[in-house]
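Visitor: Right, I'll just put the structure down here and ask away after.
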Amino acid sequence: MTLTPQVPALVVLVPLLAGVVIGLVRHAGLAWLLASLASVTTFALTLALAARVQAEGVVIYAMGGWAAPTGIELRVDALNALVLALVAGMAAVIVPTSRASVAREVPADRHDQFYALVLLCVAGMLGVTATGDAFNLYVLIEISSLTAYALVALGRSRDRRALTASFQYLIMGSIGASFLLVGLGYLFLATGTLNMADMAVRLADLHGSTTVRTGVAFVIVGLSLKMALFPVHQWMADAYTYAPTSVTALMASTATKVGVYITIRFVYTIFGHELSFVIMPTDAFLLAFACLAIVVGSLQAIRQHDVRRLLAYSSVAQIGYLVLGLALGSALGLSGTLVHLLNHALVKGALFLAVGAVVYRQGGATMHELTGIARRMPLTAAAIAVGGLGLIGVPLTGGFVSKWYLVAGALEAGLWPVAVVVLVGSLLAVAYVLRLLQVVYFGEPGTVAPEPAGEAPASFWAPALLLLLGSVALGVSGQLTGGLIAAAAGALAGGAP
Amino acid sequence: MTDRWIVELLLAVVVVTAVGVVRARNLLVASVLLGIYSLVMALIWTAMEAYDVALTEAAVGAGISTLLLIGALIRTGSRIGGSKERDAPRIDKVALAVAVLTGAALAYGTLDMPAIGDPTAPVHVHPKVARHYIDRSMEETHVPNMVTVVLASYRGYDTMFETCVVFTAALGVMVLLRRRRPPAEPAPGEMREQAIFVVMTRMTVPFVLAYGSYVITHGELGPGGGFQGGVILAAGYLIYALVYGLAAAQRALPPRLTDVGAGLGVLIYAGVGVACLLLGGDFLAYDALNQADPAKGQQLGMTLVELGVGLTVACVMVTIFNEVAQP
């Protein structure tokens with residue numbers, strides 16, 4: 001018997017089973033060890049799956065042996081193979097190195113449950129990404145959301161405001177889920193199927209149906225809430241600020257990316273170009289809010305005193321870029337979104353890990369606590385500097401490549417104001433990044449907060465620098481991901497004129 | 001099918017109840033109204049002959065959810081007595097606008113919707129979905145309750161994650177609410193001093209537990225299954241805890257057992273899937289459990305996963321109640 005055909009299922013099952021088992025072990029060290037092993041194994045499985053997709057094309061796995069649409073299938077193509085590897089890869093970097101940070105921020109008797117929740121959250125995100133079934137997607141979104149609510153609330157032992165942040169996230173997440181569920185219900189009523197590919201075929205004849213149109217609108221609104229697209233983004237700013245730092249690093253680099261992936265899947269694969277962009281004004285709706293997200297998110301980031309809040313508002317703006325690219329409806333725009341998706345995951349993950357190092361040494365991450373840390377914490381400061389440059393999108397970082405695609409895509413579509421918004425957003429990013437770097441490198445240490453005793457443990461700065469290396473590689477050489485990204489963007493935009 | 005006007009009358013009651021929930025100034029009143037809302041919904045499902053859904057709505061919506069909401073009110077010390085405020089609640093204009101817009105969109109979407117019970121509706125005629133379930137489920141599994149076949153086999157992968165959602169809820173509650181001290185013994189003069197309650201509990205709890213076990217194990221034959229049965233089992237514990245006190249209930253069923261049971265149920269479900277995989281089938285392809293007679297394999301697989309669901313659901317409900325009911 002060989003397990004090779006079972007890899008698509010194992011990608012979801014390994015973190016799921018590990019999560020449940022960890023919930024039963026009642027030992028902090030063992031929980032961390034199991035979680036680390038499971039995340040690394042899962043990453044290896046996603047790489048094997050990506051290699052198989054590149055060699056053979058779309059990989060389909062029929063759950064329960066029932067061929068879709070009778071049963072539920074996993075359906076992995078170039079696009080979700082990439083996202084699967086990204087999510088599992090971020091978990092494989094962040095989970096094993098999280099021990100010191102978690103020990104500082106989460107009570108010791110809750111570590112087993114903490115790591116169980118983390119693994120279940122990862123399993124949920126991987127399941128959402130791998131599935132070819134619209135209702136299965138909803139169930140798995142709820143797993144990743146429920147675990148995320150609890151994980152954010154665990155930040156309470158450092159700051160009680162984590163509880164209100166979690167509650168707000170719960171309310172907004174549940175409203176988003178309700179919209180998504182109603183939308184899927186309407187689409188099911190109109191098509192009689194829940195399988196994505198089958199639904200796409202049947203929707204092609206139903207463009208005139210008010211039921212379908214309403215379903216599309218509800219799905220888009222629900223996903224906007226789940227992605228934290230402006231103006232429904234406030235929950236994310238609070239959640240990222242008050243969650244335990246390693247949770248923020250994981251969520252910022254994976255959860256929003258999965259949200260964007262699902263939106264691409266619905267808009268391009270299920271609804272298709274005509275229903276999304278010709279019959280329904282999805283592009284205008286998403287473009288308008290994406291531009292607002294870029295400008296308002298960046299302006300808010302400039303005003304922040306707490307660096308985690310600054311980075312969270314920067315994420316609000318980055319979601320703007322991601323949505324902007326997919327709303328352009330072209331291969332160029334989609335390529336921009338996909339490169340940005342990878343790059344921002346790497347950069348934001350690294351920045352939050354670096355900020356975690358500051359929290360570990362200084363007990364907080366306001367501008368005061370970061371003042372002049374470069375002298376005693378040179379590696380952490382370097383990570384913040386390189387990450388910051390990646391956020392701006394200076395040449396040689398992946399951010400430059402993605403913004404290039406986005407500007408080119410906007411100009412190609414004749415939308416020069418959108419191109420201007422991308423450039424203005426980058427200028428605003430210069431403002432908040434330079435302010436941060438000025439404090440870190442040129443602030444007078446010891447004046448507003450005590451100087452750190454020394455550099456943080458390697459488990460903080462090493463993974464951050466590793467992720468940044470990935471981002472720079474993405475910027476220097478398009479070869480690394482060029483194949484998969486070009487394949488994914490080309491296949492999706494195939495229906496575009 | 002029952003007369004149409006009965007369903008419409010019940011739907012009107014649902015709307016009135018929903019408005020009542022929003023307008024209620026007293027959270028206890030709102031919680032009880034939500035219970036009534038679910039009970040009426042359960043009646044509507046019954047009238048539509050969706051008995052599995054009706055049983056779930058009655059057990060989960062009207063039963064345990066209401067108890068948990070009231071438990072949360074007690075734990076947080078919210079005003080559950082009368083509220084002195086008599087003025088009408090202020091209505092946020094933006095929220096009202098969003099609600100009206102959402103409602104209008106939902107109504108617009110119904111314009112092209114097939115009528116209720118229309119046999120030509122897409123959901124009833126899809127050859128590989130509804131028609132497959134109706135025409136072939138008996139032949140493929142020899143299980144008469146088609147709903148159970150859809151939930152536990154055709155879409156068994158979904159149901160595994162739904163069980164996992166329930167387990168996640170317990171993890172969340174444990175990680176956030178659990179306290180280390182054991183529950184206090186109830187003060188004298190409480191419910192267990194009252195003969196009627198004690199006698200009634202002693203008489204009903206065994207039957208509740210037996211009924212819950214029946215619903216879990218007979219999902220293949222009639223309405224029910226792991227979710228409904230698990231909730232009914234938990235209700236037996238809740239009744240006992242309400243009358244005899246939490247300390248006595250936890251002596252009878254120690255929390256460390258329910259902690260393990262909650263995870264074990266998910267492991268049973270996924271374990272059946274892994275067993276199929278090791279026997280050469282796909283994940284959750286129960287045919288592999290009995291190569292000679294695949295339909296028997298299907299029955300075995302479904303019975304086992306329903307047990308897993310029932311175990312997790314019962315243990316999770318008890319866990320949530322334990323943590324929430326402890327003042």
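Order determines the names: the first chain of the structure tokens is A, the second B, and so forth; residues in each chain are numbered 1 upward, and ligands are numbered 1 upward as they are shown.
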Compile a residue-level contact table for chain B against chain A at a cut-off of 7 Å, reporting for every qualifying residue the shortest atom pair and its distance in Å to one decimal, with only C-alpha atoms counted, rows ordered by chain and ascending number, as a tab-separated table.

Guide:
```
residue	atom	partner	partner_atom	distance
B:Ala105	CA	A:Thr214	CA	6.4
B:Leu106	CA	A:Thr214	CA	6.9
B:Tyr108	CA	A:Thr210	CA	6.5
B:Gly109	CA	A:Thr211	CA	4.0
B:Thr110	CA	A:Thr211	CA	5.9
B:Leu111	CA	A:Thr210	CA	6.4
B:Asp112	CA	A:Thr210	CA	5.6
B:Met113	CA	A:Thr211	CA	6.1
B:Pro122	CA	A:Gly192	CA	4.7
B:Val123	CA	A:Gly192	CA	3.7
B:His126	CA	A:Gly192	CA	5.8
B:Lys128	CA	A:Thr70	CA	5.4
B:Val129	CA	A:Thr70	CA	4.9
B:Ser153	CA	A:Gly64	CA	6.7
B:Tyr154	CA	A:Gly71	CA	4.9
B:Arg155	CA	A:Gly71	CA	5.6
B:Tyr157	CA	A:Met63	CA	6.6
B:Asp158	CA	A:Asn136	CA	5.6
B:Phe161	CA	A:Val139	CA	6.7
B:Glu162	CA	A:Val139	CA	6.6
B:Val165	CA	A:Ile143	CA	5.5
B:Thr168	CA	A:Thr147	CA	6.6
B:Leu171	CA	A:Gln113	CA	6.5
B:Gly172	CA	A:Ala150	CA	5.3
B:Val175	CA	A:Arg110	CA	6.3
B:Val260	CA	A:Leu24	CA	6.4
B:Gly263	CA	A:Val20	CA	5.8
B:Gly280	CA	A:Met1	CA	6.9
B:Asp282	CA	A:Gly65	CA	5.5
B:Phe283	CA	A:Gly64	CA	5.5
B:Leu284	CA	A:Gly64	CA	4.3
B:Ala285	CA	A:Gly64	CA	3.7
B:Tyr286	CA	A:Gly64	CA	7.0
```

Visitor: What lies within 8 Å of Tyr211 in chain B using only C-alpha atoms, ignoring chain neighbours under 6 positions off, as a list of chain:residue names?

Guide: B:Gly229, B:Ile232, B:Leu233

Visitor: Just write the chosen residues, C-alpha atoms, as a JSON list (two decimals), in the first residue's frame.

Guide:
```json
[["chain", "number", "residue", "atom", "x", "y", "z"],
["B", 229, "GLY", "CA", -28.55, 12.14, 20.67],
["B", 232, "ILE", "CA", -30.11, 14.73, 24.68],
["B", 233, "LEU", "CA", -27.50, 12.81, 26.73]]
```

Visitor: May I ask for the distance between CA of Tyr51 in chain B and CA of Gly224 in chain B, given in Å to one decimal place?

Guide: 8.2 Å

Visitor: Go ahead and compute the interatomic distance for CA of Tyr432 in chain A and CA of Leu389 in chain A, in Å to one decimal.

Guide: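 For CA of Tyr432 in chain A relative to CA of Leu389 in chain A, the distance reads 10.8 Å.
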
Visitor: Within 10 Å of Arg52 in chain A, counting only C-alpha atoms, which residues show up once you throw out same-chain ones fewer than 5 positions away? Write them as a short mmCIF file (atom, residue, chain, number, x, y, z; two decimals) with N, CA, C and O atoms, in the first residue's frame, please.

Guide:
```
data_model
loop_
_atom_site.label_atom_id
_atom_site.label_comp_id
_atom_site.auth_asym_id
_atom_site.auth_seq_id
_atom_site.Cartn_x
_atom_site.Cartn_y
_atom_site.Cartn_z
N THR A 4 1.06 7.74 -1.39
CA THR A 4 1.19 8.88 -2.31
C THR A 4 -0.15 9.44 -2.79
O THR A 4 -0.35 10.65 -2.76
N VAL A 7 -1.93 11.99 -0.36
CA VAL A 7 -1.31 13.24 0.11
C VAL A 7 -2.30 14.40 0.24
O VAL A 7 -2.28 15.11 1.24
N THR A 46 2.67 19.56 1.73
CA THR A 46 2.18 20.55 0.75
C THR A 46 3.20 20.73 -0.37
O THR A 46 2.81 20.96 -1.51
N LEU A 47 4.49 20.62 -0.04
CA LEU A 47 5.51 20.74 -1.10
C LEU A 47 5.39 19.58 -2.07
O LEU A 47 5.45 19.76 -3.30
N GLY A 57 -0.67 18.50 -13.34
CA GLY A 57 -1.85 19.34 -13.47
C GLY A 57 -2.75 19.16 -12.26
O GLY A 57 -2.29 18.74 -11.20
N VAL A 58 -4.06 19.46 -12.42
CA VAL A 58 -4.99 19.47 -11.30
C VAL A 58 -5.06 18.10 -10.61
O VAL A 58 -5.18 17.07 -11.28
N VAL A 59 -4.95 18.10 -9.28
CA VAL A 59 -5.05 16.87 -8.50
C VAL A 59 -6.42 16.85 -7.83
O VAL A 59 -6.82 17.81 -7.17
N VAL A 76 -6.96 20.45 -6.18
CA VAL A 76 -5.78 21.30 -6.03
C VAL A 76 -5.19 21.61 -7.39
O VAL A 76 -4.80 20.71 -8.12
N ASP A 77 -5.17 22.92 -7.73
CA ASP A 77 -4.52 23.35 -8.95
C ASP A 77 -3.34 24.25 -8.58
O ASP A 77 -2.97 24.35 -7.40
N ALA A 78 -2.76 24.92 -9.57
CA ALA A 78 -1.56 25.73 -9.29
C ALA A 78 -1.84 26.77 -8.21
O ALA A 78 -1.02 27.00 -7.31
N ALA A 81 -2.36 25.11 -4.68
CA ALA A 81 -1.12 24.45 -4.27
C ALA A 81 -0.16 25.48 -3.67
O ALA A 81 0.48 25.24 -2.64
#
```

Visitor: For Ser330 in chain A, please output as a JSON list (two decimals) with N, CA, C and O atoms, in the first residue's frame all residues within 12 Å (counting only C-alpha atoms; exclusion window: fewer than 4 positions along the same chain).

Guide:
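Result saved to selection_27.json:
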```json
[["chain", "number", "residue", "atom", "x", "y", "z"],
["A", 264, "ILE", "N", -10.76, 35.04, -4.76],
["A", 264, "ILE", "CA", -10.34, 34.75, -6.15],
["A", 264, "ILE", "C", -11.11, 33.54, -6.67],
["A", 264, "ILE", "O", -11.63, 33.53, -7.78],
["A", 268, "TYR", "N", -13.51, 34.16, -9.81],
["A", 268, "TYR", "CA", -13.02, 33.68, -11.10],
["A", 268, "TYR", "C", -13.50, 32.27, -11.44],
["A", 268, "TYR", "O", -13.97, 32.02, -12.54],
["A", 273, "HIS", "N", -15.99, 35.22, -15.16],
["A", 273, "HIS", "CA", -15.76, 36.60, -15.53],
["A", 273, "HIS", "C", -17.05, 37.34, -15.81],
["A", 273, "HIS", "O", -17.27, 38.46, -15.33],
["A", 277, "PHE", "N", -18.15, 40.32, -13.35],
["A", 277, "PHE", "CA", -17.73, 41.65, -13.78],
["A", 277, "PHE", "C", -18.67, 42.32, -14.77],
["A", 277, "PHE", "O", -18.66, 43.53, -14.91],
["A", 283, "ASP", "N", -16.37, 44.18, -9.67],
["A", 283, "ASP", "CA", -15.08, 44.86, -9.82],
["A", 283, "ASP", "C", -15.15, 46.28, -9.28],
["A", 283, "ASP", "O", -14.25, 46.71, -8.54],
["A", 324, "LEU", "N", -7.42, 44.84, -4.85],
["A", 324, "LEU", "CA", -7.32, 45.67, -6.05],
["A", 324, "LEU", "C", -6.87, 44.84, -7.25],
["A", 324, "LEU", "O", -7.46, 44.90, -8.33],
["A", 325, "GLY", "N", -5.83, 44.03, -7.04],
["A", 325, "GLY", "CA", -5.31, 43.23, -8.14],
["A", 325, "GLY", "C", -6.34, 42.25, -8.67],
["A", 325, "GLY", "O", -6.51, 42.09, -9.89],
["A", 326, "LEU", "N", -7.08, 41.60, -7.77],
["A", 326, "LEU", "CA", -8.03, 40.60, -8.25],
["A", 326, "LEU", "C", -9.25, 41.25, -8.88],
["A", 326, "LEU", "O", -9.89, 40.66, -9.76],
["A", 334, "LEU", "N", -4.02, 39.83, -11.48],
["A", 334, "LEU", "CA", -3.97, 38.62, -10.66],
["A", 334, "LEU", "C", -2.54, 38.26, -10.30],
["A", 334, "LEU", "O", -2.26, 37.85, -9.16],
["A", 335, "SER", "N", -1.60, 38.41, -11.25],
["A", 335, "SER", "CA", -0.20, 38.13, -10.94],
["A", 335, "SER", "C", 0.25, 39.05, -9.81],
["A", 335, "SER", "O", 0.94, 38.62, -8.89],
["A", 336, "GLY", "N", -0.15, 40.32, -9.89],
["A", 336, "GLY", "CA", 0.19, 41.26, -8.83],
["A", 336, "GLY", "C", -0.34, 40.79, -7.50],
["A", 336, "GLY", "O", 0.38, 40.75, -6.49],
["A", 337, "THR", "N", -1.62, 40.38, -7.47],
["A", 337, "THR", "CA", -2.22, 39.88, -6.23],
["A", 337, "THR", "C", -1.45, 38.68, -5.69],
["A", 337, "THR", "O", -1.14, 38.60, -4.50],
["A", 405, "TYR", "N", 3.35, 45.05, -11.01],
["A", 405, "TYR", "CA", 2.25, 44.36, -11.70],
["A", 405, "TYR", "C", 0.93, 45.12, -11.51],
["A", 405, "TYR", "O", 0.15, 45.26, -12.45],
["A", 406, "LEU", "N", 0.68, 45.58, -10.28],
["A", 406, "LEU", "CA", -0.59, 46.24, -9.99],
["A", 406, "LEU", "C", -0.72, 47.54, -10.79],
["A", 406, "LEU", "O", -1.76, 47.82, -11.38],
["A", 408, "ALA", "N", 0.90, 48.30, -13.56],
["A", 408, "ALA", "CA", 0.78, 47.93, -14.97],
["A", 408, "ALA", "C", -0.64, 47.45, -15.29],
["A", 408, "ALA", "O", -1.22, 47.82, -16.30],
["A", 409, "GLY", "N", -1.20, 46.64, -14.37],
["A", 409, "GLY", "CA", -2.55, 46.12, -14.58],
["A", 409, "GLY", "C", -3.58, 47.24, -14.61],
["A", 409, "GLY", "O", -4.49, 47.25, -15.44],
["A", 410, "ALA", "N", -3.43, 48.22, -13.70],
["A", 410, "ALA", "CA", -4.37, 49.33, -13.65],
["A", 410, "ALA", "C", -4.27, 50.16, -14.92],
["A", 410, "ALA", "O", -5.29, 50.57, -15.49],
["A", 411, "LEU", "N", -3.05, 50.42, -15.38],
["A", 411, "LEU", "CA", -2.88, 51.23, -16.60],
["A", 411, "LEU", "C", -3.42, 50.48, -17.81],
["A", 411, "LEU", "O", -4.06, 51.07, -18.68],
["A", 412, "GLU", "N", -3.20, 49.15, -17.82],
["A", 412, "GLU", "CA", -3.71, 48.33, -18.92],
["A", 412, "GLU", "C", -5.22, 48.44, -19.02],
["A", 412, "GLU", "O", -5.80, 48.49, -20.10],
["A", 413, "ALA", "N", -5.88, 48.50, -17.83],
["A", 413, "ALA", "CA", -7.33, 48.60, -17.81],
["A", 413, "ALA", "C", -7.80, 50.03, -18.02],
["A", 413, "ALA", "O", -9.00, 50.31, -18.00],
["A", 489, "ALA", "N", -2.29, 32.45, -12.56],
["A", 489, "ALA", "CA", -2.93, 33.67, -13.04],
["A", 489, "ALA", "C", -3.47, 33.47, -14.44],
["A", 489, "ALA", "O", -4.59, 33.87, -14.76],
["A", 490, "GLY", "N", -2.68, 32.80, -15.30],
["A", 490, "GLY", "CA", -3.12, 32.56, -16.66],
["A", 490, "GLY", "C", -4.37, 31.71, -16.72],
["A", 490, "GLY", "O", -5.34, 32.04, -17.41],
["A", 491, "ALA", "N", -4.39, 30.63, -15.92],
["A", 491, "ALA", "CA", -5.54, 29.73, -15.92],
["A", 491, "ALA", "C", -6.79, 30.44, -15.44],
["A", 491, "ALA", "O", -7.87, 30.27, -16.00],
["A", 492, "LEU", "N", -6.65, 31.28, -14.40],
["A", 492, "LEU", "CA", -7.82, 31.95, -13.83],
["A", 492, "LEU", "C", -8.39, 32.99, -14.77],
["A", 492, "LEU", "O", -9.59, 33.10, -14.95],
["A", 493, "ALA", "N", -7.48, 33.80, -15.34],
["A", 493, "ALA", "CA", -7.95, 34.90, -16.18],
["A", 493, "ALA", "C", -8.24, 34.42, -17.59],
["A", 493, "ALA", "O", -8.51, 35.23, -18.47],
["A", 494, "GLY", "N", -8.21, 33.11, -17.81],
["A", 494, "GLY", "CA", -8.42, 32.55, -19.14],
["A", 494, "GLY", "C", -9.68, 33.09, -19.80],
["A", 494, "GLY", "O", -9.70, 33.35, -21.00],
["A", 495, "GLY", "N", -10.74, 33.25, -18.99],
["A", 495, "GLY", "CA", -12.00, 33.71, -19.54],
["A", 495, "GLY", "C", -12.04, 35.20, -19.80],
["A", 495, "GLY", "O", -13.00, 35.71, -20.36],
["A", 496, "ALA", "N", -10.98, 35.91, -19.35],
["A", 496, "ALA", "CA", -11.01, 37.37, -19.49],
["A", 496, "ALA", "C", -10.70, 37.76, -20.93],
["A", 496, "ALA", "O", -9.98, 37.06, -21.63],
["A", 497, "PRO", "N", -11.25, 38.87, -21.38],
["A", 497, "PRO", "CA", -10.98, 39.30, -22.75],
["A", 497, "PRO", "C", -9.52, 39.80, -22.90],
["A", 497, "PRO", "O", -8.95, 40.24, -21.94]]
```

Visitor: Need the shell around range 165-170 of chain A: protein/DNA/RNA residues with any atom at most 6 Å away, counting only C-alpha atoms. Skip same-chain ones fewer than 4 positions apart. Format as a ChimeraX atom specification?

Guide: /A:149,152-153,174,235,238-239

Visitor: Could you give me, as a ChimeraX atom specification, the residues within 9 Å of Ala293 in chain A, counting only C-alpha atoms and dropping anything in the same chain fewer than 5 positions from it?

Guide: /A:229-231,233,288,298,316-321

Visitor: Save the residues we just selected, all heavy atoms, as a PDB file, in the first residue's frame?

Guide:
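Written output follows (part.pdb):
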```pdb
ATOM      1  N   LEU A 229     -11.849  43.738   4.718  1.00  0.00           N
ATOM      2  CA  LEU A 229     -11.738  44.795   3.716  1.00  0.00           C
ATOM      3  C   LEU A 229     -12.398  46.058   4.267  1.00  0.00           C
ATOM      4  O   LEU A 229     -13.467  45.982   4.871  1.00  0.00           O
ATOM      5  CB  LEU A 229     -12.432  44.348   2.420  1.00  0.00           C
ATOM      6  CG  LEU A 229     -12.435  45.339   1.258  1.00  0.00           C
ATOM      7  CD1 LEU A 229     -11.012  45.632   0.799  1.00  0.00           C
ATOM      8  CD2 LEU A 229     -13.247  44.800   0.085  1.00  0.00           C
ATOM      9  N   PHE A 230     -11.741  47.228   4.077  1.00  0.00           N
ATOM     10  CA  PHE A 230     -12.357  48.489   4.475  1.00  0.00           C
ATOM     11  C   PHE A 230     -13.780  48.525   3.941  1.00  0.00           C
ATOM     12  O   PHE A 230     -13.993  48.111   2.801  1.00  0.00           O
ATOM     13  CB  PHE A 230     -11.531  49.646   3.887  1.00  0.00           C
ATOM     14  CG  PHE A 230     -12.027  50.997   4.256  1.00  0.00           C
ATOM     15  CD1 PHE A 230     -11.576  51.605   5.408  1.00  0.00           C
ATOM     16  CD2 PHE A 230     -12.975  51.636   3.480  1.00  0.00           C
ATOM     17  CE1 PHE A 230     -12.053  52.861   5.762  1.00  0.00           C
ATOM     18  CE2 PHE A 230     -13.459  52.883   3.835  1.00  0.00           C
ATOM     19  CZ  PHE A 230     -12.996  53.491   4.984  1.00  0.00           C
ATOM     20  N   PRO A 231     -14.783  49.027   4.620  1.00  0.00           N
ATOM     21  CA  PRO A 231     -14.797  49.634   5.958  1.00  0.00           C
ATOM     22  C   PRO A 231     -15.087  48.657   7.104  1.00  0.00           C
ATOM     23  O   PRO A 231     -15.443  49.111   8.180  1.00  0.00           O
ATOM     24  CB  PRO A 231     -15.944  50.629   5.819  1.00  0.00           C
ATOM     25  CG  PRO A 231     -16.909  49.970   4.891  1.00  0.00           C
ATOM     26  CD  PRO A 231     -16.098  49.092   3.991  1.00  0.00           C
ATOM     27  N   HIS A 233     -12.973  46.649   8.746  1.00  0.00           N
ATOM     28  CA  HIS A 233     -11.621  46.181   9.050  1.00  0.00           C
ATOM     29  C   HIS A 233     -11.238  46.360  10.508  1.00  0.00           C
ATOM     30  O   HIS A 233     -10.198  45.890  10.926  1.00  0.00           O
ATOM     31  CB  HIS A 233     -10.636  46.993   8.220  1.00  0.00           C
ATOM     32  CG  HIS A 233     -10.702  48.455   8.545  1.00  0.00           C
ATOM     33  ND1 HIS A 233     -11.719  49.262   8.090  1.00  0.00           N
ATOM     34  CD2 HIS A 233      -9.929  49.229   9.322  1.00  0.00           C
ATOM     35  CE1 HIS A 233     -11.539  50.476   8.558  1.00  0.00           C
ATOM     36  NE2 HIS A 233     -10.470  50.490   9.306  1.00  0.00           N
ATOM     37  N   ALA A 288     -13.383  50.086  -5.436  1.00  0.00           N
ATOM     38  CA  ALA A 288     -13.626  51.288  -4.632  1.00  0.00           C
ATOM     39  C   ALA A 288     -13.153  51.071  -3.196  1.00  0.00           C
ATOM     40  O   ALA A 288     -12.407  51.891  -2.641  1.00  0.00           O
ATOM     41  CB  ALA A 288     -15.118  51.630  -4.655  1.00  0.00           C
ATOM     42  N   SER A 298      -3.250  53.188   5.352  1.00  0.00           N
ATOM     43  CA  SER A 298      -1.908  53.756   5.455  1.00  0.00           C
ATOM     44  C   SER A 298      -1.908  55.007   6.323  1.00  0.00           C
ATOM     45  O   SER A 298      -1.001  55.211   7.139  1.00  0.00           O
ATOM     46  CB  SER A 298      -1.369  54.092   4.062  1.00  0.00           C
ATOM     47  OG  SER A 298      -1.421  52.953   3.237  1.00  0.00           O
ATOM     48  N   VAL A 316      -4.308  46.362   6.823  1.00  0.00           N
ATOM     49  CA  VAL A 316      -5.572  46.819   6.226  1.00  0.00           C
ATOM     50  C   VAL A 316      -5.291  47.358   4.824  1.00  0.00           C
ATOM     51  O   VAL A 316      -5.994  47.041   3.855  1.00  0.00           O
ATOM     52  CB  VAL A 316      -6.213  47.912   7.118  1.00  0.00           C
ATOM     53  CG1 VAL A 316      -7.404  48.556   6.408  1.00  0.00           C
ATOM     54  CG2 VAL A 316      -6.631  47.333   8.451  1.00  0.00           C
ATOM     55  N   ALA A 317      -4.201  48.143   4.698  1.00  0.00           N
ATOM     56  CA  ALA A 317      -3.842  48.697   3.388  1.00  0.00           C
ATOM     57  C   ALA A 317      -3.402  47.592   2.431  1.00  0.00           C
ATOM     58  O   ALA A 317      -3.749  47.609   1.248  1.00  0.00           O
ATOM     59  CB  ALA A 317      -2.730  49.725   3.560  1.00  0.00           C
ATOM     60  N   GLN A 318      -2.657  46.609   2.959  1.00  0.00           N
ATOM     61  CA  GLN A 318      -2.159  45.529   2.078  1.00  0.00           C
ATOM     62  C   GLN A 318      -3.315  44.708   1.515  1.00  0.00           C
ATOM     63  O   GLN A 318      -3.262  44.252   0.372  1.00  0.00           O
ATOM     64  CB  GLN A 318      -1.191  44.602   2.828  1.00  0.00           C
ATOM     65  CG  GLN A 318      -0.039  45.301   3.518  1.00  0.00           C
ATOM     66  CD  GLN A 318       0.787  46.156   2.585  1.00  0.00           C
ATOM     67  OE1 GLN A 318       1.013  45.786   1.451  1.00  0.00           O
ATOM     68  NE2 GLN A 318       1.217  47.312   3.049  1.00  0.00           N
ATOM     69  N   ILE A 319      -4.372  44.501   2.351  1.00  0.00           N
ATOM     70  CA  ILE A 319      -5.546  43.786   1.833  1.00  0.00           C
ATOM     71  C   ILE A 319      -6.139  44.583   0.681  1.00  0.00           C
ATOM     72  O   ILE A 319      -6.621  44.018  -0.300  1.00  0.00           O
ATOM     73  CB  ILE A 319      -6.560  43.548   2.964  1.00  0.00           C
ATOM     74  CG1 ILE A 319      -5.998  42.480   3.894  1.00  0.00           C
ATOM     75  CG2 ILE A 319      -7.905  43.095   2.425  1.00  0.00           C
ATOM     76  CD1 ILE A 319      -6.615  42.462   5.244  1.00  0.00           C
ATOM     77  N   GLY A 320      -6.060  45.914   0.792  1.00  0.00           N
ATOM     78  CA  GLY A 320      -6.481  46.763  -0.316  1.00  0.00           C
ATOM     79  C   GLY A 320      -5.747  46.415  -1.607  1.00  0.00           C
ATOM     80  O   GLY A 320      -6.361  46.217  -2.652  1.00  0.00           O
ATOM     81  N   TYR A 321      -4.396  46.309  -1.528  1.00  0.00           N
ATOM     82  CA  TYR A 321      -3.622  45.960  -2.732  1.00  0.00           C
ATOM     83  C   TYR A 321      -4.045  44.607  -3.285  1.00  0.00           C
ATOM     84  O   TYR A 321      -4.211  44.419  -4.489  1.00  0.00           O
ATOM     85  CB  TYR A 321      -2.120  45.897  -2.411  1.00  0.00           C
ATOM     86  CG  TYR A 321      -1.494  47.232  -2.078  1.00  0.00           C
ATOM     87  CD1 TYR A 321      -1.007  47.484  -0.806  1.00  0.00           C
ATOM     88  CD2 TYR A 321      -1.383  48.230  -3.045  1.00  0.00           C
ATOM     89  CE1 TYR A 321      -0.432  48.702  -0.497  1.00  0.00           C
ATOM     90  CE2 TYR A 321      -0.809  49.442  -2.736  1.00  0.00           C
ATOM     91  CZ  TYR A 321      -0.327  49.677  -1.458  1.00  0.00           C
ATOM     92  OH  TYR A 321       0.236  50.868  -1.157  1.00  0.00           O
TER      93      TYR A 321
END
```

Visitor: Which residues are close to Thr17 in chain B, i.e. within 12 Å by only C-alpha atoms, leaving aside same-chain residues fewer than 5 positions away? Reply as JSON, numbers by chain.

Guide: {"B": [10, 11, 12, 22, 23, 24, 29, 30, 31, 32, 33, 34, 35, 36, 37, 38, 39, 40, 41]}

Visitor: For the atom pair CA of Gly226 in chain B and CA of Leu289 in chain B, what is the interatomic distance in Å to one decimal place?

Guide: 20.3 Å

Visitor: As a PyMOL selection string, list the residues of range 252-483 of chain A assigned to helix (DSSP H, G or I) by DSSP on the backbone atoms of this structure.

Guide: chain A and resi 252-279+282-302+307-327+331-362+367-370+378-392+398-412+416-442+458-476+479-483
